[in-house]
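Novice: My file is model02.pdb. It has PDB, C-alpha atoms:
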MODEL        1
ATOM      1  CA  MET A1119     -19.558  -8.097   4.938
ATOM      2  CA  LEU A1120     -16.483  -6.772   3.137
ATOM      3  CA  ILE A1121     -15.755  -3.061   2.968
ATOM      4  CA  ALA A1122     -13.165  -1.274   0.845
ATOM      5  CA  LEU A1123     -11.671   1.900   2.323
ATOM      6  CA  ASN A1124      -9.273   4.257   0.594
ATOM      7  CA  LYS A1125      -7.132   4.863   3.683
ATOM      8  CA  PRO A1126      -5.710   8.375   3.736
ATOM      9  CA  TYR A1127      -2.105   9.154   4.598
ATOM     10  CA  GLY A1128      -1.543   9.541   8.348
ATOM     11  CA  VAL A1129      -4.393   7.289   9.495
ATOM     12  CA  LEU A1130      -3.693   4.328  11.788
ATOM     13  CA  CYS A1131      -5.152   0.910  10.877
ATOM     14  CA  GLN A1132      -7.013   0.622  14.175
ATOM     15  CA  PHE A1133     -10.199   2.091  15.618
ATOM     16  CA  SER A1134      -8.786   3.882  18.658
ATOM     17  CA  ASP A1135      -5.536   5.474  19.739
ATOM     18  CA  ALA A1136      -4.570   6.589  23.233
ATOM     19  CA  ASP A1137      -2.459   9.380  21.722
ATOM     20  CA  GLY A1138      -5.357  10.859  19.754
ATOM     21  CA  ARG A1139      -3.942  10.171  16.282
ATOM     22  CA  PRO A1140      -6.373   9.716  13.354
ATOM     23  CA  THR A1141      -7.854   6.206  13.155
ATOM     24  CA  LEU A1142     -10.267   4.177  11.042
ATOM     25  CA  ALA A1143     -13.124   5.267  13.334
ATOM     26  CA  ALA A1144     -13.286   8.596  11.487
ATOM     27  CA  PHE A1145     -14.013   6.832   8.182
ATOM     28  CA  VAL A1146     -15.694   3.473   8.885
ATOM     29  CA  LYS A1147     -19.127   3.712  10.508
ATOM     30  CA  GLN A1148     -20.072   0.016  10.262
ATOM     31  CA  LYS A1149     -19.754  -1.829  13.557
ATOM     32  CA  ASP A1150     -17.902  -5.093  14.206
ATOM     33  CA  VAL A1151     -15.626  -4.974  11.161
ATOM     34  CA  TYR A1152     -11.862  -5.266  11.391
ATOM     35  CA  PRO A1153      -8.987  -4.678   8.975
ATOM     36  CA  ALA A1154      -7.992  -7.677   6.863
ATOM     37  CA  GLY A1155      -4.329  -6.743   6.799
ATOM     38  CA  ARG A1156      -2.660  -3.452   7.506
ATOM     39  CA  LEU A1157      -1.302  -0.370   5.828
ATOM     40  CA  ASP A1158       1.328   1.697   7.566
ATOM     41  CA  HIS A1159       0.475   5.108   8.976
ATOM     42  CA  ASP A1160       2.384   6.703   6.077
ATOM     43  CA  SER A1161       0.872   4.516   3.334
ATOM     44  CA  GLU A1162      -2.372   5.143   1.477
ATOM     45  CA  GLY A1163      -4.908   3.260  -0.539
ATOM     46  CA  LEU A1164      -6.989   0.117  -0.418
ATOM     47  CA  LEU A1165      -7.701  -1.358   2.989
ATOM     48  CA  LEU A1166     -10.261  -4.149   3.287
ATOM     49  CA  LEU A1167     -12.339  -4.555   6.451
ATOM     50  CA  THR A1168     -14.587  -7.488   7.266
ATOM     51  CA  ASP A1169     -16.669  -9.148   9.949
ATOM     52  CA  ASP A1170     -15.778 -12.598   8.530
ATOM     53  CA  GLY A1171     -12.735 -14.178  10.182
ATOM     54  CA  ARG A1172     -12.323 -16.844   7.491
ATOM     55  CA  LEU A1173     -12.333 -14.232   4.744
ATOM     56  CA  ALA A1174      -9.832 -12.083   6.658
ATOM     57  CA  HIS A1175      -7.580 -15.136   6.995
ATOM     58  CA  LYS A1176      -7.832 -15.900   3.259
ATOM     59  CA  LEU A1177      -6.959 -12.309   2.368
ATOM     60  CA  THR A1178      -3.999 -12.032   4.745
ATOM     61  CA  ASP A1179      -2.425 -15.462   5.253
ATOM     62  CA  PRO A1180       0.727 -15.789   3.111
ATOM     63  CA  LYS A1181      -0.090 -19.409   2.242
ATOM     64  CA  HIS A1182      -3.057 -18.143   0.185
ATOM     65  CA  LYS A1183      -0.716 -15.705  -1.608
ATOM     66  CA  GLU A1184      -3.337 -13.095  -2.500
ATOM     67  CA  PRO A1185      -1.426 -10.615  -4.678
ATOM     68  CA  LYS A1186      -1.209  -7.037  -3.446
ATOM     69  CA  THR A1187      -0.411  -4.295  -5.953
ATOM     70  CA  TYR A1188       1.145  -0.978  -5.015
ATOM     71  CA  LEU A1189       1.814   2.233  -6.897
ATOM     72  CA  VAL A1190       5.123   3.583  -5.592
ATOM     73  CA  GLN A1191       6.782   6.972  -6.004
ATOM     74  CA  VAL A1192      10.522   6.734  -5.414
ATOM     75  CA  ASP A1193      13.369   9.168  -4.961
ATOM     76  CA  GLY A1194      15.341   9.311  -8.218
ATOM     77  CA  GLN A1195      14.781   7.996 -11.731
ATOM     78  CA  ILE A1196      14.370   4.254 -11.179
ATOM     79  CA  THR A1197      16.460   2.142 -13.524
ATOM     80  CA  ASP A1198      15.651  -0.970 -15.510
ATOM     81  CA  GLU A1199      18.274  -2.785 -13.402
ATOM     82  CA  ALA A1200      16.485  -1.832 -10.173
ATOM     83  CA  ILE A1201      13.144  -2.975 -11.613
ATOM     84  CA  ALA A1202      14.748  -6.300 -12.626
ATOM     85  CA  SER A1203      16.185  -6.732  -9.112
ATOM     86  CA  LEU A1204      12.766  -6.172  -7.558
ATOM     87  CA  ALA A1205      11.277  -8.703  -9.989
ATOM     88  CA  ARG A1206      13.870 -11.333  -9.002
ATOM     89  CA  GLY A1207      13.463 -10.612  -5.288
ATOM     90  CA  VAL A1208      15.923  -8.818  -3.049
ATOM     91  CA  VAL A1209      17.671  -9.754   0.176
ATOM     92  CA  LEU A1210      16.410  -7.848   3.206
ATOM     93  CA  ASN A1211      17.650  -8.052   6.788
ATOM     94  CA  ASP A1212      14.984 -10.714   7.492
ATOM     95  CA  GLY A1213      15.891 -12.804   4.437
ATOM     96  CA  PRO A1214      15.238 -12.857   0.701
ATOM     97  CA  THR A1215      11.887 -11.743  -0.665
ATOM     98  CA  LEU A1216       9.881 -13.743  -3.143
ATOM     99  CA  PRO A1217      10.075 -12.529  -6.724
ATOM    100  CA  ALA A1218       7.685  -9.651  -7.389
ATOM    101  CA  GLN A1219       6.036  -8.244 -10.459
ATOM    102  CA  ALA A1220       7.631  -4.837 -10.982
ATOM    103  CA  GLU A1221       7.317  -2.348 -13.822
ATOM    104  CA  HIS A1222       7.806   1.308 -14.588
ATOM    105  CA  ALA A1223       4.617   3.356 -14.201
ATOM    106  CA  ALA A1224       3.501   6.866 -15.016
ATOM    107  CA  GLU A1225       2.029   9.104 -12.353
ATOM    108  CA  PRO A1226      -1.677   8.310 -12.712
ATOM    109  CA  GLU A1227      -4.142  10.978 -13.794
ATOM    110  CA  TRP A1228      -6.515   9.908 -10.996
ATOM    111  CA  LEU A1229      -3.970  10.535  -8.230
ATOM    112  CA  TRP A1230      -5.204  12.746  -5.423
ATOM    113  CA  PRO A1231      -2.970  15.319  -3.700
ATOM    114  CA  ARG A1232      -1.367  14.122  -0.492
ATOM    115  CA  ASP A1233      -1.539  16.135   2.716
ATOM    116  CA  PRO A1234       1.211  16.870   3.545
ATOM    117  CA  PRO A1235       2.700  16.820   0.063
ATOM    118  CA  VAL A1236       5.673  14.621  -0.776
ATOM    119  CA  ARG A1237       8.861  16.652  -0.423
ATOM    120  CA  TYR A1238      10.043  18.272  -3.599
ATOM    121  CA  ARG A1239      13.713  18.661  -4.520
ATOM    122  CA  LYS A1240      14.421  20.601  -7.695
ATOM    123  CA  LEU A1241      17.595  18.709  -8.595
ATOM    124  CA  ILE A1242      16.439  15.176  -7.775
ATOM    125  CA  PRO A1243      13.632  13.738  -9.902
ATOM    126  CA  THR A1244      11.116  11.204  -8.697
ATOM    127  CA  SER A1245       9.668   8.287 -10.612
ATOM    128  CA  TRP A1246       6.859   5.773 -10.282
ATOM    129  CA  LEU A1247       6.644   2.016 -10.407
ATOM    130  CA  ARG A1248       3.992  -0.602  -9.862
ATOM    131  CA  ILE A1249       4.911  -3.621  -7.762
ATOM    132  CA  THR A1250       2.853  -6.710  -6.939
ATOM    133  CA  LEU A1251       3.791  -8.900  -3.982
ATOM    134  CA  ARG A1252       2.549 -12.286  -2.797
ATOM    135  CA  GLU A1253       3.906 -11.940   0.714
ATOM    136  CA  GLY A1254       3.363  -9.251   3.311
ATOM    137  CA  ARG A1255       6.313  -8.420   5.502
ATOM    138  CA  ASN A1256       6.447  -5.308   7.621
ATOM    139  CA  ARG A1257       7.191  -2.248   5.420
ATOM    140  CA  GLN A1258       8.283  -4.638   2.670
ATOM    141  CA  VAL A1259       7.844  -2.402  -0.375
ATOM    142  CA  ARG A1260       9.689   0.459   1.320
ATOM    143  CA  ARG A1261      12.538  -1.839   2.329
ATOM    144  CA  MET A1262      12.727  -3.394  -1.145
ATOM    145  CA  THR A1263      12.934  -0.081  -3.008
ATOM    146  CA  ALA A1264      15.554   1.180  -0.541
ATOM    147  CA  ALA A1265      17.556  -2.033  -1.052
ATOM    148  CA  VAL A1266      17.826  -1.290  -4.776
ATOM    149  CA  GLY A1267      18.797   2.349  -4.143
ATOM    150  CA  PHE A1268      15.468   4.134  -4.619
ATOM    151  CA  PRO A1269      13.772   5.069  -1.327
ATOM    152  CA  THR A1270       9.981   5.199  -1.334
ATOM    153  CA  LEU A1271       8.406   8.643  -1.076
ATOM    154  CA  ARG A1272       4.761   7.664  -1.533
ATOM    155  CA  LEU A1273       3.074   4.268  -1.357
ATOM    156  CA  ILE A1274      -0.492   3.596  -2.511
ATOM    157  CA  ARG A1275      -2.051   0.131  -2.442
ATOM    158  CA  GLU A1276      -4.205  -0.213  -5.548
ATOM    159  CA  ARG A1277      -5.368  -3.823  -5.312
ATOM    160  CA  VAL A1278      -5.694  -6.850  -3.008
ATOM    161  CA  GLY A1279      -6.518  -9.990  -4.975
ATOM    162  CA  SER A1280      -9.566  -9.182  -7.084
ATOM    163  CA  TYR A1281     -10.493  -6.063  -5.065
ATOM    164  CA  ALA A1282      -9.323  -2.654  -6.337
ATOM    165  CA  LEU A1283      -9.591   1.039  -5.469
ATOM    166  CA  ASP A1284     -11.535   1.672  -8.701
ATOM    167  CA  GLY A1285     -12.001   5.417  -8.212
ATOM    168  CA  LEU A1286     -12.720   5.295  -4.481
ATOM    169  CA  ALA A1287     -11.851   8.738  -3.052
ATOM    170  CA  PRO A1288      -9.517   9.037  -0.043
ATOM    171  CA  GLY A1289     -11.456   8.472   3.181
ATOM    172  CA  SER A1290     -14.403   6.913   1.337
ATOM    173  CA  THR A1291     -15.764   3.406   1.773
ATOM    174  CA  ARG A1292     -17.695   1.011  -0.449
ATOM    175  CA  ILE A1293     -19.273  -2.338   0.390
ATOM    176  CA  VAL A1294     -17.687  -4.893  -1.954
ATOM    177  CA  GLY A1295     -18.981  -8.158  -0.549
TER     178      GLY A1295
ENDMDL
END
Represent the structure of the file as structure tokens.
Specialist:
Amino acid sequence: MLIALNKPYGVLCQFSDADGRPTLAAFVKQKDVYPAGRLDHDSEGLLLLTDDGRLAHKLTDPKHKEPKTYLVQVDGQITDEAIASLARGVVLNDGPTLPAQAEHAAEPEWLWPRDPPVRYRKLIPTSWLRITLREGRNRQVRRMTAAVGFPTLRLIRERVGSYALDGLAPGSTRIVG
């Protein structure tokens, strides 16, 4: 079984939490499924869950290089130079990243409001980009955009390999395999 969840902002990628924070248990009712990968507490979007260990390994092991695509809102008007740097790969404190696909993006019409909203500053614009990675380091997209001078404000995973959000509402699930 493979389940797609549109993980809301502020939800932990686990089924229980001793501190009482929101978890996957509030959204995923199927038993004996586990996340194939993770999304940070402050990230949103596609999370795949499965009861198949081999499939989870294929989706998450870097040697299989399943591409993961993110829609990213950044602080400031991102430049062509910053996009080119992301595409070449940037050096982080744990070493250089692999080259990524990176491009300017418009704020999508399908985007849901975030609770709480992203901070708004009248004199500093925000912009959007789409980035596809083939590796999965901790907080990698956030660290990459910060390294090129544009901190991430909002991060939404749109796709993992051939699986996509495809209109799935926040907090909703769909069986995809």
Novice: Just so the selection is clear, what residues does the PyMOL selection byres ((chain A and resi 1190) around 8) cover here, as a ChimeraX atom specification?
Specialist: /A:1188-1189,1191-1192,1246-1249,1270-1274
Novice: I'd like to know which of A:Gly1128, A:Pro1140, A:Pro1185, A:Pro1153 is closest to Gly1254 in chain A, using all atoms listed in the file.
Specialist: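 For Gly1254 in chain A, the nearest of the given residues is A:Pro1185.
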Novice: Neighbouring residues of Leu1167 in chain A were defined as those with any atom within 9 Å, considering all atoms listed in the file; residues of the same chain fewer than 6 positions away were excluded. Please report them as a PyMOL selection string.
Specialist: chain A and resi 1119-1123+1151-1155+1174
Novice: Would you mind exporting the chosen residues as a PDB file, keeping the file's coordinate frame, restricted to C-alpha atoms?
Specialist:
ATOM      1  CA  MET A1119     -19.558  -8.097   4.938  1.00  0.00           C
ATOM      2  CA  LEU A1120     -16.483  -6.772   3.137  1.00  0.00           C
ATOM      3  CA  ILE A1121     -15.755  -3.061   2.968  1.00  0.00           C
ATOM      4  CA  ALA A1122     -13.165  -1.274   0.845  1.00  0.00           C
ATOM      5  CA  LEU A1123     -11.671   1.900   2.323  1.00  0.00           C
ATOM      6  CA  VAL A1151     -15.626  -4.974  11.161  1.00  0.00           C
ATOM      7  CA  TYR A1152     -11.862  -5.266  11.391  1.00  0.00           C
ATOM      8  CA  PRO A1153      -8.987  -4.678   8.975  1.00  0.00           C
ATOM      9  CA  ALA A1154      -7.992  -7.677   6.863  1.00  0.00           C
ATOM     10  CA  GLY A1155      -4.329  -6.743   6.799  1.00  0.00           C
ATOM     11  CA  ALA A1174      -9.832 -12.083   6.658  1.00  0.00           C
TER      12      ALA A1174
END
Novice: Pick out the closest residue to Ala1144 in chain A from this set: A:Arg1277, A:Arg1252, A:Val1259, A:Ser1290. Count only C-alpha atoms.
Specialist: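 Nearest candidate to Ala1144 in chain A out of A:Arg1277, A:Arg1252, A:Val1259, A:Ser1290: A:Ser1290.
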Novice: Do a neighbour search on range 1206-1212 of chain A at 12 Å with only C-alpha atoms, toss out local chain neighbours closer than 2 positions, and write the hits as an MDAnalysis selection string.
Specialist: chainID A and resid 1199:1204 1214:1220 1249:1253 1255:1267
Novice: Write the residues you've just listed into a file as a PDB file, in the frame of the given file, and include C-alpha atoms for each of them.
Specialist:
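Result file part.pdb:
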ATOM      1  CA  GLU A1199      18.274  -2.785 -13.402  1.00  0.00           C
ATOM      2  CA  ALA A1200      16.485  -1.832 -10.173  1.00  0.00           C
ATOM      3  CA  ILE A1201      13.144  -2.975 -11.613  1.00  0.00           C
ATOM      4  CA  ALA A1202      14.748  -6.300 -12.626  1.00  0.00           C
ATOM      5  CA  SER A1203      16.185  -6.732  -9.112  1.00  0.00           C
ATOM      6  CA  LEU A1204      12.766  -6.172  -7.558  1.00  0.00           C
ATOM      7  CA  PRO A1214      15.238 -12.857   0.701  1.00  0.00           C
ATOM      8  CA  THR A1215      11.887 -11.743  -0.665  1.00  0.00           C
ATOM      9  CA  LEU A1216       9.881 -13.743  -3.143  1.00  0.00           C
ATOM     10  CA  PRO A1217      10.075 -12.529  -6.724  1.00  0.00           C
ATOM     11  CA  ALA A1218       7.685  -9.651  -7.389  1.00  0.00           C
ATOM     12  CA  GLN A1219       6.036  -8.244 -10.459  1.00  0.00           C
ATOM     13  CA  ALA A1220       7.631  -4.837 -10.982  1.00  0.00           C
ATOM     14  CA  ILE A1249       4.911  -3.621  -7.762  1.00  0.00           C
ATOM     15  CA  THR A1250       2.853  -6.710  -6.939  1.00  0.00           C
ATOM     16  CA  LEU A1251       3.791  -8.900  -3.982  1.00  0.00           C
ATOM     17  CA  ARG A1252       2.549 -12.286  -2.797  1.00  0.00           C
ATOM     18  CA  GLU A1253       3.906 -11.940   0.714  1.00  0.00           C
ATOM     19  CA  ARG A1255       6.313  -8.420   5.502  1.00  0.00           C
ATOM     20  CA  ASN A1256       6.447  -5.308   7.621  1.00  0.00           C
ATOM     21  CA  ARG A1257       7.191  -2.248   5.420  1.00  0.00           C
ATOM     22  CA  GLN A1258       8.283  -4.638   2.670  1.00  0.00           C
ATOM     23  CA  VAL A1259       7.844  -2.402  -0.375  1.00  0.00           C
ATOM     24  CA  ARG A1260       9.689   0.459   1.320  1.00  0.00           C
ATOM     25  CA  ARG A1261      12.538  -1.839   2.329  1.00  0.00           C
ATOM     26  CA  MET A1262      12.727  -3.394  -1.145  1.00  0.00           C
ATOM     27  CA  THR A1263      12.934  -0.081  -3.008  1.00  0.00           C
ATOM     28  CA  ALA A1264      15.554   1.180  -0.541  1.00  0.00           C
ATOM     29  CA  ALA A1265      17.556  -2.033  -1.052  1.00  0.00           C
ATOM     30  CA  VAL A1266      17.826  -1.290  -4.776  1.00  0.00           C
ATOM     31  CA  GLY A1267      18.797   2.349  -4.143  1.00  0.00           C
TER      32      GLY A1267
END
Novice: Starting from the displayed file, determine the output of the PyMOL selection byres ((chain A and resi 1231-1234) around 9) and express the residue list as a ChimeraX atom specification.
Specialist: /A:1126-1128,1229-1230,1235-1237,1272
Novice: Apply the PyMOL selection byres ((chain A and resi 1157) around 9) to the displayed file and report the matching residues as number ranges by chain.
Specialist: A: 1125, 1130-1131, 1155-1156, 1158-1165, 1257, 1275
Novice: Using all atoms listed in the file, can you tell me which of A:Asp1170, A:Asp1193, A:Asp1198, A:Glu1184 comes closest to His1222 in chain A?
Specialist: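 Result for the nearest residue to His1222 in chain A: A:Asp1198.
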Novice: What separation in Å, quoted to one decimal, exists between CA of Lys1149 in chain A and CA of Val1129 in chain A?
Specialist: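 Separating CA of Lys1149 in chain A from CA of Val1129 in chain A is a distance of 18.3 Å.
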Novice: Could you give me the axis-aligned bounding box of range 1219-1227 of chain A, with 3 Å of padding per side, as centre plus edge lengths in Å to one decimal, as AutoDock Vina command-line options?
Specialist:
--center_x 1.8 --center_y 1.4 --center_z -12.7 --size_x 17.9 --size_y 25.2 --size_z 10.6
Novice: How many Å lie between CA of Pro1288 in chain A and CA of Pro1226 in chain A, rounded to one decimal?
Specialist: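 These atoms are spaced 14.9 Å apart.
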Novice: Go through A:Thr1244, A:Ser1134, A:Asn1124, A:Thr1291 one by one, measure the shortest atom-to-atom distance of each to Gln1148 in chain A using only C-alpha atoms, and give the residue with the smallest value.
Specialist: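 Distance minimum relative to Gln1148 in chain A lands on A:Thr1291.
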Novice: Of the candidates A:Pro1269, A:Gly1295, A:Gly1171, A:Gly1194, which shows the shortest atom-to-atom distance to Asp1150 in chain A, using all atoms listed in the file?
Specialist: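 The closest residue to Asp1150 in chain A is A:Gly1171.
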